[in-house]
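As structure tokens, the structure follows; a few thoughts come after it.
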Amino acid sequence: MSQSAPVSSAESTSQGRILVIQHQSNAGLGAIASSFESAAARVDVRSAENPGAIPETLAGFDGLVVLGGSMGPEDDAVAPWLSRVRELLREGVASGVPTLGICLGAQLLAVAHGGRITPMAHGPEIGLDTVTFAGRGATPGEEDPLFGPFAGASVPVVQWHYLAVAALPSAARRLASSDRCPNQVFALGGAAWGVQFHPEASSVSAADWVIEDAENLEQLALDAASIVSKVTAAEPELQRVWGGVAGRFAGIVDARVRAQRTG
């Protein structure tokens with residue numbers, strides 16, 4: 001089933017249409033949905049749980065967001081739609097369609113372009129954490145259009161992953177790292193990005209995920225209540241930081257649409 005944000009006729013002629021692929025019901029756009037709505041982006045959410053919901057191509061779409069999920073990026077036997085998602089990610093990069101992969105989506109983006117995914121060597125990253133962005137490039141114009149404002153800074157994130165991108169695609173550029181995961185954010189081509197963490201996560205997400213992942217958390221001796229409380233305390237800053245990124249992504253989509261219409 002698809003969900004599209006309501007837009008006026010004026011907005012529909014000027015704003016791009018963003019395809020969002022959702023792998024499971026408790027891993028949607030969450031806290032960043034309102035930023036897309038504020039930017040008047042036309043968001044079309046396709047649930048992979050519904051057979052046939054994921055399109056064959058990006059025809060008719062101006063942006064692509066691939067969300068997270070509990071499966072691995074090559075678990076096609078468990079999630080047979082993943083091969084089609086990888087094809088869409090290849091198409092997005094090749095055609096310059098603004099593309100954002102989140103957690104599993106980032107891993108799919110990497111795998112689709114020759115990257116390698118492995119289990120985290122020192123165990124998973126779960127809960128509130130920080131990632132650190134590389135400094136600005138020495139040459140004017142090198143600032144990344146999506147993550148440039150974070151150059152040289154450490155920012156809060158919500159992590160929830162057992163796998164990670166161990167080797168980036170050869171053409172990818174690393175933008176941010178953490179102590180245990182060097183490839184937290186990467187860019188590929190002119191308008192594609194992968195983030196290993198969950199910019200969409202909120203306290204509601206954390207509360208859902210500690211229930212879903214209860215057995216693993218117990219084995220890892222991680223306290224579920226503490227995980228949720230830390231995310232809750234950081235929620236205003238998380239919303240400010242990652243809502244801003246979602247708004248910039250929608251702006252990149254819109255700028256591309258406008259350029260195509262005036263070119």
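Residues are referred to by chain and number: the chain letter is A, B, ... according to the order shown in the structure tokens, the number counts from 1 in that chain, and ligands are numbered separately from 1 in the order shown.
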Please identify every residue of range 119-168 of chain A that has at least one atom no farther than 12 Å from an atom of range 95-103 of chain A, counting only C-alpha atoms, and for each give the shortest atom pair and the distance in Å to one decimal, arranged by chain then increasing number, as CSV.
residue,atom,partner,partner_atom,distance
A:Glu125,CA,A:Cys103,CA,11.5
A:Pro145,CA,A:Pro98,CA,11.0
A:Leu146,CA,A:Leu100,CA,10.1
A:Phe147,CA,A:Leu100,CA,11.8
A:Val157,CA,A:Cys103,CA,11.7
A:Val158,CA,A:Cys103,CA,10.5
A:Gln159,CA,A:Cys103,CA,8.6
A:Trp160,CA,A:Cys103,CA,8.1
A:His161,CA,A:Cys103,CA,7.3
A:Tyr162,CA,A:Cys103,CA,10.2
A:Leu163,CA,A:Cys103,CA,9.2
A:Ala164,CA,A:Cys103,CA,8.6
A:Val165,CA,A:Cys103,CA,9.8
Write out the residues from the selection above, keeping N, CA, C and O atoms, as a compact mmCIF listing (two decimals), in the first residue's frame.
# COMPACT_ATOMS: atom_id res chain seq x y z
N GLU A 125 26.11 -1.84 17.83
CA GLU A 125 25.89 -0.51 18.39
C GLU A 125 24.38 -0.38 18.58
O GLU A 125 23.62 -0.50 17.62
N PRO A 145 26.56 18.58 0.13
CA PRO A 145 25.30 19.33 0.14
C PRO A 145 24.31 18.87 1.21
O PRO A 145 23.45 19.65 1.62
N LEU A 146 24.44 17.63 1.69
CA LEU A 146 23.51 17.13 2.69
C LEU A 146 24.08 17.23 4.10
O LEU A 146 23.41 17.67 5.04
N PHE A 147 25.35 16.86 4.26
CA PHE A 147 25.94 16.79 5.59
C PHE A 147 27.02 17.85 5.84
O PHE A 147 27.65 17.85 6.90
N VAL A 157 23.14 10.39 17.62
CA VAL A 157 22.41 9.48 16.73
C VAL A 157 21.80 8.36 17.56
O VAL A 157 22.22 8.11 18.70
N VAL A 158 20.83 7.68 16.98
CA VAL A 158 20.32 6.44 17.55
C VAL A 158 20.83 5.29 16.69
O VAL A 158 20.59 5.25 15.48
N GLN A 159 21.54 4.38 17.32
CA GLN A 159 22.10 3.21 16.63
C GLN A 159 21.26 1.97 16.93
O GLN A 159 20.69 1.85 18.02
N TRP A 160 21.24 1.06 15.94
CA TRP A 160 20.62 -0.26 16.19
C TRP A 160 21.05 -1.20 15.06
O TRP A 160 20.28 -1.51 14.17
N HIS A 161 22.29 -1.65 15.12
CA HIS A 161 22.74 -2.52 14.03
C HIS A 161 23.78 -3.53 14.51
O HIS A 161 24.64 -3.22 15.34
N TYR A 162 23.66 -4.73 13.95
CA TYR A 162 24.57 -5.84 14.23
C TYR A 162 25.54 -6.05 13.07
O TYR A 162 26.58 -6.69 13.25
N LEU A 163 25.19 -5.55 11.90
CA LEU A 163 26.05 -5.61 10.72
C LEU A 163 26.54 -4.20 10.40
O LEU A 163 25.96 -3.22 10.87
N ALA A 164 27.58 -4.11 9.61
CA ALA A 164 28.10 -2.80 9.21
C ALA A 164 28.80 -2.92 7.87
O ALA A 164 29.18 -4.01 7.42
N VAL A 165 28.98 -1.77 7.23
CA VAL A 165 29.72 -1.73 5.96
C VAL A 165 31.20 -1.83 6.29
O VAL A 165 31.82 -0.88 6.79
Could you pull out the strand (DSSP E) residues of range 12-178 of chain A from DSSP and send them as a ChimeraX atom specification? /A:17-22,42-47,63-66,99-102,116-119,125-133,154-161,163-167,173-177
Tell me, as a PyMOL selection string, which residues lie within 7 Å of range 67-79 of chain A, counting only C-alpha atoms; anything in the same chain fewer than 3 positions away does not count. chain A and resi 21-24+27-28+82-83+101-105+107-108
Contact residues around range 210-225 of chain A with only C-alpha atoms at 10 Å, ignoring same-chain residues under 3 positions, as a CSV table (one decimal) with C-alpha atoms, in the first residue's frame:
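Result file part.csv:
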chain,number,residue,atom,x,y,z
A,26,ASN,CA,7.9,-0.4,13.1
A,70,SER,CA,16.0,-6.4,10.8
A,123,GLY,CA,29.3,-6.4,19.0
A,124,PRO,CA,26.4,-4.2,17.9
A,126,ILE,CA,22.5,0.0,20.1
A,127,GLY,CA,20.9,3.1,21.6
A,160,TRP,CA,20.6,-0.3,16.2
A,205,SER,CA,11.0,3.7,18.0
A,206,ALA,CA,13.3,2.8,20.8
A,207,ALA,CA,10.4,1.5,23.0
A,228,VAL,CA,14.7,4.2,26.0
A,229,SER,CA,15.3,6.9,28.6
A,230,LYS,CA,18.5,8.1,27.0
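For the pair CA of Ile54 in chain A and CA of Ser203 in chain A, the separation is 28.4 Å.
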